[in-house]
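Here's input_38.pdb, which has PDB, C-alpha atoms:
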```pdb
ATOM      1  CA  MET A   2     -32.186  -3.304 -21.337
ATOM      2  CA  SER A   3     -33.223  -5.540 -18.459
ATOM      3  CA  ARG A   4     -32.314  -5.489 -14.807
ATOM      4  CA  TYR A   5     -30.092  -8.183 -13.377
ATOM      5  CA  ARG A   6     -28.909  -9.153  -9.957
ATOM      6  CA  VAL A   7     -25.340 -10.436 -10.103
ATOM      7  CA  ALA A   8     -23.532 -11.999  -7.142
ATOM      8  CA  VAL A   9     -19.766 -12.302  -7.027
ATOM      9  CA  HIS A  10     -17.501 -14.259  -4.696
ATOM     10  CA  ILE A  11     -14.049 -12.812  -4.113
ATOM     11  CA  VAL A  12     -11.531 -14.886  -2.157
ATOM     12  CA  PRO A  13      -7.806 -14.703  -1.403
ATOM     13  CA  ARG A  14      -5.918 -16.581  -4.082
ATOM     14  CA  LYS A  15      -4.670 -20.078  -3.313
ATOM     15  CA  GLY A  16      -1.200 -19.851  -1.854
ATOM     16  CA  ILE A  17      -1.789 -16.400  -0.348
ATOM     17  CA  LEU A  18      -1.757 -16.568   3.435
ATOM     18  CA  ASP A  19      -5.287 -15.989   4.751
ATOM     19  CA  PRO A  20      -4.918 -15.657   8.533
ATOM     20  CA  GLN A  21      -8.674 -15.270   9.065
ATOM     21  CA  GLY A  22      -9.341 -18.432   7.093
ATOM     22  CA  LYS A  23      -6.645 -20.276   9.007
ATOM     23  CA  ALA A  24      -8.084 -19.203  12.375
ATOM     24  CA  VAL A  25     -11.522 -20.408  11.300
ATOM     25  CA  SER A  26     -10.086 -23.728  10.054
ATOM     26  CA  ASP A  27      -8.446 -24.209  13.447
ATOM     27  CA  ALA A  28     -11.712 -23.418  15.239
ATOM     28  CA  LEU A  29     -13.619 -25.870  13.034
ATOM     29  CA  HIS A  30     -11.051 -28.555  13.788
ATOM     30  CA  SER A  31     -11.478 -27.962  17.501
ATOM     31  CA  LEU A  32     -15.217 -28.484  17.006
ATOM     32  CA  GLY A  33     -14.485 -31.868  15.447
ATOM     33  CA  PHE A  34     -14.863 -30.946  11.772
ATOM     34  CA  ASP A  35     -11.648 -32.774  10.930
ATOM     35  CA  GLY A  36     -12.468 -32.946   7.246
ATOM     36  CA  VAL A  37     -11.863 -29.223   6.742
ATOM     37  CA  SER A  38      -8.559 -28.845   4.914
ATOM     38  CA  ASP A  39      -8.758 -25.176   3.971
ATOM     39  CA  THR A  40     -10.923 -22.118   4.643
ATOM     40  CA  ARG A  41     -10.758 -18.929   2.595
ATOM     41  CA  ILE A  42     -12.545 -15.832   3.768
ATOM     42  CA  GLY A  43     -13.400 -13.180   1.238
ATOM     43  CA  ARG A  44     -16.218 -10.910   0.149
ATOM     44  CA  HIS A  45     -19.615 -11.469  -1.369
ATOM     45  CA  ILE A  46     -20.807  -8.583  -3.510
ATOM     46  CA  VAL A  47     -24.316  -8.253  -4.939
ATOM     47  CA  LEU A  48     -24.859  -5.811  -7.785
ATOM     48  CA  HIS A  49     -28.054  -4.694  -9.470
ATOM     49  CA  ILE A  50     -27.283  -3.622 -13.006
ATOM     50  CA  ALA A  51     -28.888  -2.905 -16.356
ATOM     51  CA  ALA A  52     -27.756  -5.153 -19.196
ATOM     52  CA  ALA A  53     -28.907  -6.348 -22.606
ATOM     53  CA  ASP A  54     -29.088  -9.940 -21.408
ATOM     54  CA  ALA A  55     -27.626 -12.246 -18.762
ATOM     55  CA  LYS A  56     -24.448 -12.761 -20.748
ATOM     56  CA  ASP A  57     -23.905  -9.024 -21.009
ATOM     57  CA  ALA A  58     -24.525  -8.663 -17.272
ATOM     58  CA  GLU A  59     -21.835 -11.236 -16.567
ATOM     59  CA  VAL A  60     -19.376  -9.617 -18.983
ATOM     60  CA  GLN A  61     -19.899  -6.251 -17.287
ATOM     61  CA  VAL A  62     -19.332  -7.663 -13.815
ATOM     62  CA  ARG A  63     -16.198  -9.518 -14.921
ATOM     63  CA  GLU A  64     -14.826  -6.220 -16.141
ATOM     64  CA  MET A  65     -15.741  -4.549 -12.830
ATOM     65  CA  CYS A  66     -13.926  -7.321 -10.971
ATOM     66  CA  GLY A  67     -10.845  -6.879 -13.144
ATOM     67  CA  LYS A  68     -10.773  -3.120 -12.614
ATOM     68  CA  LEU A  69     -11.936  -2.633  -9.044
ATOM     69  CA  LEU A  70     -13.857  -5.286  -7.138
ATOM     70  CA  ALA A  71     -11.011  -7.825  -6.925
ATOM     71  CA  ASN A  72      -7.282  -7.229  -6.616
ATOM     72  CA  PRO A  73      -5.678  -9.121  -9.502
ATOM     73  CA  VAL A  74      -2.486  -9.593  -7.448
ATOM     74  CA  THR A  75      -4.027 -11.426  -4.515
ATOM     75  CA  GLU A  76      -7.641 -12.366  -5.159
ATOM     76  CA  ASP A  77      -9.707 -14.638  -7.357
ATOM     77  CA  PHE A  78     -13.333 -14.034  -8.180
ATOM     78  CA  GLU A  79     -16.190 -16.096  -9.483
ATOM     79  CA  ILE A  80     -19.621 -15.053 -10.639
ATOM     80  CA  ALA A  81     -21.905 -16.887  -8.228
ATOM     81  CA  ALA A  82     -25.264 -15.985  -9.759
ATOM     82  CA  VAL A  83     -26.854 -13.934 -12.527
ATOM     83  CA  GLU A  84     -30.599 -13.533 -12.094
ATOM     84  CA  SER A  85     -33.305 -11.324 -13.531
ATOM     85  CA  ALA A  86     -34.207  -8.647 -11.027
TER
ATOM     86  CA  MET B   4      11.907  22.490  -4.194
ATOM     87  CA  LYS B   5       8.193  22.248  -3.541
ATOM     88  CA  PHE B   6       6.273  19.367  -1.984
ATOM     89  CA  GLY B   7       2.611  18.510  -2.422
ATOM     90  CA  VAL B   8       0.701  16.389   0.074
ATOM     91  CA  VAL B   9      -2.457  14.781  -1.262
ATOM     92  CA  THR B  10      -5.484  14.875   1.019
ATOM     93  CA  PHE B  11      -8.044  12.145   0.384
ATOM     94  CA  PRO B  12     -11.201  11.861   2.476
ATOM     95  CA  GLY B  13      -9.899   9.837   5.422
ATOM     96  CA  SER B  14      -6.234  10.806   5.116
ATOM     97  CA  ASN B  15      -4.910  11.501   8.603
ATOM     98  CA  CYS B  16      -1.160  11.899   8.149
ATOM     99  CA  ASP B  17      -1.412  14.729   5.663
ATOM    100  CA  TYR B  18      -0.841  17.238   8.485
ATOM    101  CA  ASP B  19       2.153  15.263   9.763
ATOM    102  CA  SER B  20       3.653  15.228   6.282
ATOM    103  CA  TYR B  21       2.987  18.924   5.836
ATOM    104  CA  HIS B  22       4.581  19.641   9.224
ATOM    105  CA  ALA B  23       7.587  17.482   8.359
ATOM    106  CA  VAL B  24       8.277  19.477   5.211
ATOM    107  CA  ALA B  25       7.244  22.961   6.323
ATOM    108  CA  ASP B  26       8.507  23.032   9.894
ATOM    109  CA  THR B  27      11.423  20.629  10.060
ATOM    110  CA  LEU B  28      12.825  21.019   6.543
ATOM    111  CA  GLY B  29      11.606  24.594   6.100
ATOM    112  CA  LEU B  30      10.547  23.999   2.504
ATOM    113  CA  PRO B  31       7.458  25.044   0.561
ATOM    114  CA  VAL B  32       4.594  22.567   0.709
ATOM    115  CA  VAL B  33       0.955  22.622  -0.346
ATOM    116  CA  TYR B  34      -2.023  20.357   0.216
ATOM    117  CA  LEU B  35      -3.433  18.813  -2.938
ATOM    118  CA  TRP B  36      -7.143  18.086  -2.606
ATOM    119  CA  HIS B  37      -8.107  14.708  -4.045
ATOM    120  CA  LYS B  38     -10.708  16.219  -6.367
ATOM    121  CA  SER B  39      -8.246  18.671  -7.844
ATOM    122  CA  THR B  40      -6.518  18.000 -11.152
ATOM    123  CA  ASP B  41      -3.757  20.546 -10.545
ATOM    124  CA  LEU B  42      -0.454  19.499  -8.984
ATOM    125  CA  GLN B  43       0.400  23.202  -8.515
ATOM    126  CA  GLY B  44       3.883  22.735  -9.900
ATOM    127  CA  VAL B  45       5.133  20.559  -7.043
ATOM    128  CA  ASP B  46       8.379  18.623  -7.459
ATOM    129  CA  VAL B  47       7.582  15.843  -4.987
ATOM    130  CA  VAL B  48       4.185  14.267  -4.346
ATOM    131  CA  VAL B  49       3.510  12.691  -0.952
ATOM    132  CA  LEU B  50       0.669  10.166  -0.710
ATOM    133  CA  PRO B  51       0.124  10.257   3.059
ATOM    134  CA  GLY B  52      -1.073   7.725   5.593
ATOM    135  CA  GLY B  53      -4.594   7.342   6.842
ATOM    136  CA  PHE B  54      -7.718   5.483   5.880
ATOM    137  CA  SER B  55      -8.730   6.981   2.572
ATOM    138  CA  TYR B  56     -12.375   6.209   1.805
ATOM    139  CA  GLY B  57     -12.535   4.286   5.071
ATOM    140  CA  ASP B  58     -10.427   1.485   3.547
ATOM    141  CA  TYR B  59     -13.693   0.383   1.914
ATOM    142  CA  LEU B  60     -13.347  -2.649  -0.367
ATOM    143  CA  ARG B  61      -9.542  -2.753   0.101
ATOM    144  CA  ALA B  62      -7.108  -0.208   1.501
ATOM    145  CA  GLY B  63      -6.354   2.260  -1.289
ATOM    146  CA  ALA B  64      -8.733   0.677  -3.804
ATOM    147  CA  ILE B  65     -11.083   3.646  -4.110
ATOM    148  CA  ALA B  66      -8.535   6.428  -3.607
ATOM    149  CA  ARG B  67      -6.680   5.408  -6.738
ATOM    150  CA  PHE B  68      -9.669   6.634  -8.764
ATOM    151  CA  SER B  69      -9.602  10.140  -7.259
ATOM    152  CA  PRO B  70      -9.121  12.793  -9.964
ATOM    153  CA  ILE B  71      -5.747  13.873  -8.524
ATOM    154  CA  MET B  72      -4.362  10.360  -9.022
ATOM    155  CA  ARG B  73      -4.423  10.750 -12.789
ATOM    156  CA  GLU B  74      -2.066  13.714 -12.373
ATOM    157  CA  VAL B  75       0.059  11.868  -9.829
ATOM    158  CA  ALA B  76       0.428   8.959 -12.269
ATOM    159  CA  ALA B  77       1.441  11.366 -15.054
ATOM    160  CA  HIS B  78       3.950  13.023 -12.689
ATOM    161  CA  ALA B  79       5.365   9.567 -11.872
ATOM    162  CA  ARG B  80       5.554   8.581 -15.545
ATOM    163  CA  ALA B  81       7.542  11.750 -16.215
ATOM    164  CA  GLY B  82      10.047  10.691 -13.541
ATOM    165  CA  GLY B  83       8.711  12.912 -10.749
ATOM    166  CA  PRO B  84       9.293  11.652  -7.207
ATOM    167  CA  VAL B  85       6.321  10.127  -5.388
ATOM    168  CA  LEU B  86       6.576   9.098  -1.743
ATOM    169  CA  GLY B  87       3.794   6.736  -0.650
ATOM    170  CA  ILE B  88       3.639   6.326   3.111
ATOM    171  CA  CYS B  89       1.461   3.633   4.723
ATOM    172  CA  ASN B  90      -1.976   4.195   3.147
ATOM    173  CA  GLY B  91      -0.064   6.017   0.412
ATOM    174  CA  PHE B  92       1.927   2.824  -0.235
ATOM    175  CA  GLN B  93      -1.341   0.894  -0.443
ATOM    176  CA  ILE B  94      -2.749   3.449  -2.872
ATOM    177  CA  ALA B  95       0.421   3.338  -5.009
ATOM    178  CA  CYS B  96       0.117  -0.458  -5.253
ATOM    179  CA  GLU B  97      -3.576  -0.310  -6.108
ATOM    180  CA  ALA B  98      -2.832   2.323  -8.741
ATOM    181  CA  GLY B  99      -0.184   0.103 -10.318
ATOM    182  CA  LEU B 100       2.633   2.569  -9.567
ATOM    183  CA  LEU B 101       4.272  -0.216  -7.536
ATOM    184  CA  PRO B 102       3.896  -4.001  -7.822
ATOM    185  CA  GLY B 103       2.273  -6.232  -5.217
ATOM    186  CA  ALA B 104      -0.316  -5.556  -2.532
ATOM    187  CA  LEU B 105      -0.615  -4.861   1.198
ATOM    188  CA  LEU B 106      -2.823  -7.388   2.984
ATOM    189  CA  ARG B 107      -4.206  -7.687   6.488
ATOM    190  CA  ASN B 108      -1.465  -8.095   9.099
ATOM    191  CA  GLU B 109      -0.661 -11.743   9.660
ATOM    192  CA  LYS B 110      -1.754 -11.610  13.303
ATOM    193  CA  LEU B 111      -4.927  -9.706  12.379
ATOM    194  CA  GLN B 112      -4.060  -6.933  14.832
ATOM    195  CA  PHE B 113      -3.514  -3.274  14.187
ATOM    196  CA  VAL B 114       0.119  -2.584  15.045
ATOM    197  CA  SER B 115       1.282   0.743  16.446
ATOM    198  CA  ASP B 116       4.937   0.656  17.385
ATOM    199  CA  THR B 117       8.400   1.901  16.547
ATOM    200  CA  VAL B 118      10.228  -0.538  14.298
ATOM    201  CA  ARG B 119      13.718  -0.814  12.892
ATOM    202  CA  ILE B 120      14.193  -0.859   9.162
ATOM    203  CA  ARG B 121      17.467  -1.550   7.393
ATOM    204  CA  VAL B 122      18.494   0.319   4.275
ATOM    205  CA  GLU B 123      18.982  -2.283   1.536
ATOM    206  CA  ASN B 124      19.748   0.118  -1.296
ATOM    207  CA  ALA B 125      21.363   3.511  -0.728
ATOM    208  CA  ASP B 126      21.565   4.322  -4.410
ATOM    209  CA  THR B 127      18.066   5.757  -4.682
ATOM    210  CA  MET B 128      16.844   9.353  -4.569
ATOM    211  CA  PHE B 129      15.154   8.511  -1.250
ATOM    212  CA  THR B 130      18.154   6.937   0.474
ATOM    213  CA  SER B 131      21.227   8.742  -0.866
ATOM    214  CA  ARG B 132      21.875  10.167   2.626
ATOM    215  CA  CYS B 133      22.065   6.613   4.008
ATOM    216  CA  GLU B 134      24.505   3.734   3.725
ATOM    217  CA  VAL B 135      23.505   0.162   2.949
ATOM    218  CA  GLY B 136      22.988  -1.567   6.293
ATOM    219  CA  ASP B 137      22.016   1.590   8.180
ATOM    220  CA  VAL B 138      19.165   0.884  10.571
ATOM    221  CA  LEU B 139      16.482   3.555  10.987
ATOM    222  CA  ARG B 140      13.992   3.707  13.861
ATOM    223  CA  ILE B 141      10.633   4.673  12.410
ATOM    224  CA  PRO B 142       7.054   4.305  13.712
ATOM    225  CA  VAL B 143       4.455   2.065  12.103
ATOM    226  CA  ALA B 144       0.687   2.242  12.579
ATOM    227  CA  HIS B 145      -1.321  -0.012  10.301
ATOM    228  CA  GLY B 146      -3.687  -2.945  10.038
ATOM    229  CA  ASP B 147      -2.947  -3.864   6.434
ATOM    230  CA  GLY B 148       0.812  -3.864   5.979
ATOM    231  CA  ARG B 149       1.674  -7.389   4.921
ATOM    232  CA  TYR B 150       3.529  -6.886   1.668
ATOM    233  CA  THR B 151       2.582  -9.639  -0.734
ATOM    234  CA  ALA B 152       3.607 -10.422  -4.292
ATOM    235  CA  ASP B 153       4.222 -13.558  -6.319
ATOM    236  CA  GLU B 154       7.632 -15.239  -6.259
ATOM    237  CA  ASP B 155       8.671 -13.897  -9.666
ATOM    238  CA  THR B 156       7.897 -10.339  -8.610
ATOM    239  CA  LEU B 157       9.724 -10.750  -5.292
ATOM    240  CA  ASN B 158      12.780 -12.175  -7.040
ATOM    241  CA  ARG B 159      12.745  -9.391  -9.584
ATOM    242  CA  LEU B 160      12.477  -6.738  -6.848
ATOM    243  CA  GLU B 161      15.383  -8.284  -4.964
ATOM    244  CA  GLY B 162      17.460  -8.736  -8.111
ATOM    245  CA  GLU B 163      16.973  -5.147  -9.196
ATOM    246  CA  GLY B 164      17.732  -3.704  -5.765
ATOM    247  CA  ARG B 165      14.172  -2.478  -5.428
ATOM    248  CA  VAL B 166      13.654  -3.738  -1.893
ATOM    249  CA  VAL B 167      14.777  -0.518  -0.229
ATOM    250  CA  PHE B 168      13.848  -1.223   3.406
ATOM    251  CA  ARG B 169      13.519  -4.421   5.403
ATOM    252  CA  TYR B 170      12.286  -4.911   8.979
ATOM    253  CA  VAL B 171      15.130  -5.970  11.265
ATOM    254  CA  ASN B 172      15.815  -6.592  14.948
ATOM    255  CA  ASP B 173      18.052  -4.622  17.321
ATOM    256  CA  ALA B 174      21.086  -6.287  15.802
ATOM    257  CA  GLY B 175      20.067  -5.218  12.315
ATOM    258  CA  VAL B 176      19.037  -8.713  11.226
ATOM    259  CA  PRO B 177      15.605  -9.686   9.884
ATOM    260  CA  ASP B 178      13.637 -12.137  12.030
ATOM    261  CA  ALA B 179       9.991 -13.104  12.434
ATOM    262  CA  GLU B 180       9.680 -11.213  15.735
ATOM    263  CA  SER B 181      10.753  -7.925  14.194
ATOM    264  CA  ASN B 182       8.454  -8.144  11.201
ATOM    265  CA  PRO B 183       5.321  -6.365  12.465
ATOM    266  CA  ASN B 184       2.884  -7.625   9.856
ATOM    267  CA  GLY B 185       4.161 -10.824   8.244
ATOM    268  CA  ALA B 186       5.367  -9.021   5.108
ATOM    269  CA  MET B 187       6.968 -11.374   2.611
ATOM    270  CA  ARG B 188      10.770 -11.349   2.882
ATOM    271  CA  ASP B 189      10.431  -8.760   5.671
ATOM    272  CA  ILE B 190       9.797  -6.047   3.090
ATOM    273  CA  ALA B 191       9.032  -2.631   4.583
ATOM    274  CA  GLY B 192       9.498  -0.534   1.448
ATOM    275  CA  ILE B 193      10.037  -0.902  -2.300
ATOM    276  CA  ILE B 194      10.796   1.370  -5.205
ATOM    277  CA  SER B 195       9.573   1.506  -8.793
ATOM    278  CA  ALA B 196      11.707   0.211 -11.683
ATOM    279  CA  GLU B 197      12.478   3.803 -12.676
ATOM    280  CA  GLY B 198      13.488   4.641  -9.117
ATOM    281  CA  ASN B 199      11.134   7.567  -8.558
ATOM    282  CA  VAL B 200       8.208   6.023  -6.674
ATOM    283  CA  LEU B 201       8.929   4.791  -3.146
ATOM    284  CA  GLY B 202       6.310   3.044  -1.038
ATOM    285  CA  LEU B 203       6.850   2.127   2.598
ATOM    286  CA  MET B 204       4.644   1.158   5.516
ATOM    287  CA  PRO B 205       6.640   2.957   8.257
ATOM    288  CA  HIS B 206       6.092   6.691   8.752
ATOM    289  CA  PRO B 207       9.282   8.714   8.231
ATOM    290  CA  GLU B 208       7.261  11.945   8.534
ATOM    291  CA  ARG B 209       6.571  11.028  12.166
ATOM    292  CA  ALA B 210      10.282  10.632  12.921
ATOM    293  CA  MET B 211      11.629  14.074  12.055
ATOM    294  CA  GLU B 212      12.618  15.397  15.476
ATOM    295  CA  ASP B 213      14.351  13.917  18.514
ATOM    296  CA  LEU B 214      11.517  15.346  20.567
ATOM    297  CA  VAL B 215       9.191  12.635  19.218
ATOM    298  CA  GLY B 216      11.657   9.803  19.800
ATOM    299  CA  SER B 217      13.487   9.590  16.500
ATOM    300  CA  ALA B 218      14.731  11.911  13.802
ATOM    301  CA  ASP B 219      15.749   9.080  11.467
ATOM    302  CA  GLY B 220      12.948   9.881   9.036
ATOM    303  CA  ARG B 221      14.760  13.083   8.118
ATOM    304  CA  ARG B 222      17.332  11.057   6.221
ATOM    305  CA  ILE B 223      14.706   9.957   3.721
ATOM    306  CA  PHE B 224      13.416  13.489   3.189
ATOM    307  CA  GLU B 225      16.909  14.964   3.114
ATOM    308  CA  SER B 226      18.037  12.377   0.557
ATOM    309  CA  LEU B 227      15.256  13.625  -1.650
ATOM    310  CA  LEU B 228      16.516  17.186  -1.321
ATOM    311  CA  THR B 229      19.983  16.261  -2.497
ATOM    312  CA  ARG B 230      18.813  14.362  -5.526
ATOM    313  CA  VAL B 231      15.933  16.474  -6.658
ATOM    314  CA  SER B 232      17.831  19.725  -6.439
ATOM    315  CA  ALA B 233      20.921  18.226  -8.066
TER
END
```
Let me see the structure of the file written as structure tokens.
Amino acid sequence: MSRYRVAVHIVPRKGILDPQGKAVSDALHSLGFDGVSDTRIGRHIVLHIAAADAKDAEVQVREMCGKLLANPVTEDFEIAAVESA
Amino acid sequence: MKFGVVTFPGSNCDYDSYHAVADTLGLPVVYLWHKSTDLQGVDVVVLPGGFSYGDYLRAGAIARFSPIMREVAAHARAGGPVLGICNGFQIACEAGLLPGALLRNEKLQFVSDTVRIRVENADTMFTSRCEVGDVLRIPVAHGDGRYTADEDTLNRLEGEGRVVFRYVNDAGVPDAESNPNGAMRDIAGIISAEGNVLGLMPHPERAMEDLVGSADGRRIFESLLTRVSA
């Protein structure tokens, strides 16, 4: 087993109202960043785990996201990084 | 009939629920510690309001893994009544006992107020003492109460009469002003397909006596008495 550092992005699903994201979009527009069409605010989770290899680490974290880290009703997740730790 | 009120770390309406049952209904009630695996023979389980596990990750996300929840789920599967109030509603959704999710209030503010909710279905074990269209005055106190589900789920809930309570104005009509959290379709409370798990954001256990401003919550508890004992 090796140690891995896995980072996950969890954001409100497209189509779900994200009032925080909307407020930030509005603020960015008032600063002149007119190109911003959407802002989603979510969570960034970093896990240190033991796994056979990087693929196994990713499989484990996907399962964690499905069962706990993300809400399947309202959130999407993506594995942002899998690194040896 | 015996009630059980689950206490999670961070529950803060467990005492209110206990008081509602013991002192205003005069019925037996016990606290069920979250680490216990014994429902102590209760007929009705109350998942109370509060901030279980500090609302870490998402409201209700961690509480659903408490040992007692396995027993609560088994009780629900066997048709036993479960009343999820506020944080209890969030926990019931996270546990898959009810569909959908409760997200941060649309205006990002914690709301503490007395709202009006209209009874949309009086043919449930929680509303048999009401009539369709009755408006109840019940307090809310939450930061994450925006009921959210996909269109198919919302349509199914509506079609099956599972939207039990909706936020309304003084005239008994839903409008944006009277919806305290931006809940989809002004939904304040829903029931499971089998009709034995009710989740709602408002706190009926805090509206049991005229002394505190409203006794309308009694009608939910008293409905339960009629049906469960029948």
With all atoms listed in the file counted and 10 Å as the cut-off, give the residues of region 59-134 of chain B in contact with region 14-24 of chain B, each with its shortest interatomic distance in Å and the pair that gives it, as a Markdown table.
```
| residue | atom | partner | partner_atom | distance |
| --- | --- | --- | --- | --- |
| B:Ile88 | CA | B:Cys16 | CA | 8.9 |
| B:Cys89 | CA | B:Cys16 | CA | 9.3 |
| B:Asn90 | CA | B:Ser14 | CA | 8.1 |
| B:Gly91 | CA | B:Ser14 | CA | 9.1 |
```
Go ahead and dump the residues you just picked, C-alpha atoms, as a PDB file, keeping the file's coordinate frame.
```pdb
ATOM      1  CA  ILE B  88       3.639   6.326   3.111  1.00  0.00           C
ATOM      2  CA  CYS B  89       1.461   3.633   4.723  1.00  0.00           C
ATOM      3  CA  ASN B  90      -1.976   4.195   3.147  1.00  0.00           C
ATOM      4  CA  GLY B  91      -0.064   6.017   0.412  1.00  0.00           C
TER       5      GLY B  91
END
```
_Give me the residues near region 37-54 of chain B as a ChimeraX atom specification, where near means some atom within 8 Å (using only C-alpha atoms) and where sequence neighbours in that chain fewer than 4 positions away do not count._
/B:4-17,20,58,62-63,69-75,83-92,94,206,231
*Pairwise distance for CA of Glu97 (chain B) and CA of Tyr56 (chain B), rounded to one decimal in Å*: 13.5 Å
Using the chain letters and numbers from the file, give me the residues hit by the PyMOL selection byres ((chain A and resi 20) around 10), as a PDB file with C-alpha atoms, keeping the file's coordinate frame.
```
ATOM      1  CA  ILE A  17      -1.789 -16.400  -0.348  1.00  0.00           C
ATOM      2  CA  LEU A  18      -1.757 -16.568   3.435  1.00  0.00           C
ATOM      3  CA  ASP A  19      -5.287 -15.989   4.751  1.00  0.00           C
ATOM      4  CA  GLN A  21      -8.674 -15.270   9.065  1.00  0.00           C
ATOM      5  CA  GLY A  22      -9.341 -18.432   7.093  1.00  0.00           C
ATOM      6  CA  LYS A  23      -6.645 -20.276   9.007  1.00  0.00           C
ATOM      7  CA  ALA A  24      -8.084 -19.203  12.375  1.00  0.00           C
ATOM      8  CA  VAL A  25     -11.522 -20.408  11.300  1.00  0.00           C
ATOM      9  CA  SER A  26     -10.086 -23.728  10.054  1.00  0.00           C
ATOM     10  CA  THR A  40     -10.923 -22.118   4.643  1.00  0.00           C
ATOM     11  CA  ARG A  41     -10.758 -18.929   2.595  1.00  0.00           C
ATOM     12  CA  ILE A  42     -12.545 -15.832   3.768  1.00  0.00           C
TER      13      ILE A  42
ATOM     14  CA  ARG B 107      -4.206  -7.687   6.488  1.00  0.00           C
ATOM     15  CA  ASN B 108      -1.465  -8.095   9.099  1.00  0.00           C
ATOM     16  CA  GLU B 109      -0.661 -11.743   9.660  1.00  0.00           C
ATOM     17  CA  LYS B 110      -1.754 -11.610  13.303  1.00  0.00           C
ATOM     18  CA  LEU B 111      -4.927  -9.706  12.379  1.00  0.00           C
TER      19      LEU B 111
END
```
*Applied to this file, what does the PyMOL selection byres ((chain B) within 12 of (chain A)) return in terms of residues, put as a VMD selection string?*
chain B and resid 59 to 68 93 96 to 99 101 to 112 149 to 154 156 184 to 187
Step by step, gather every atom of region 161-169 of chain B that the file lists, find the box along x, y and z that holds them, add 8 Å on each side, and finally give centre and edge lengths in Å to one decimal, as lines of an AutoDock Vina configuration file.
```
center_x = 15.6
center_y = -4.6
center_z = -1.9
size_x = 20.2
size_y = 24.2
size_z = 30.6
```
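Minimum atom-to-atom distances from B:Val114, B:Val143, B:Ile223, B:Val138 to Pro177 (chain B) were compared using only C-alpha atoms, and the lowest value belongs to B:Val138.
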_Picked residues, the PyMOL selection byres ((chain B and resi 189) around 12), as a ChimeraX atom specification_ = /B:118-121,123,148-151,157,161,166-172,176-188,190-193,203-204
*asked:* Report, in Å with one decimal, the straight-line distance from CA of Val32 (chain B) to CA of Val215 (chain B).
replied: 21.5 Å
*Nearest to Leu100 (chain B): which of B:Ala77, B:Leu35, B:Ala218, B:Ala25 is it, counting all atoms listed in the file?*
B:Ala77
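Look at Glu59 (chain A): the protein and nucleic acid residues within 8 Å of it, using only C-alpha atoms and passing over chain neighbours fewer than 6 places away, are Val7, Ile80 and Val83 of chain A.
The residues that lie within 10 Å of the point (24.7, -0.2, 6.3), counting only C-alpha atoms, are Arg121, Val122, Glu123, Asn124, Ala125, Cys133, Glu134, Val135, Gly136, Asp137, Val138 and Gly175 of chain B.
Atom to atom, CA of Gln61 (chain A) and CA of Asp77 (chain A) stand 16.5 Å apart.
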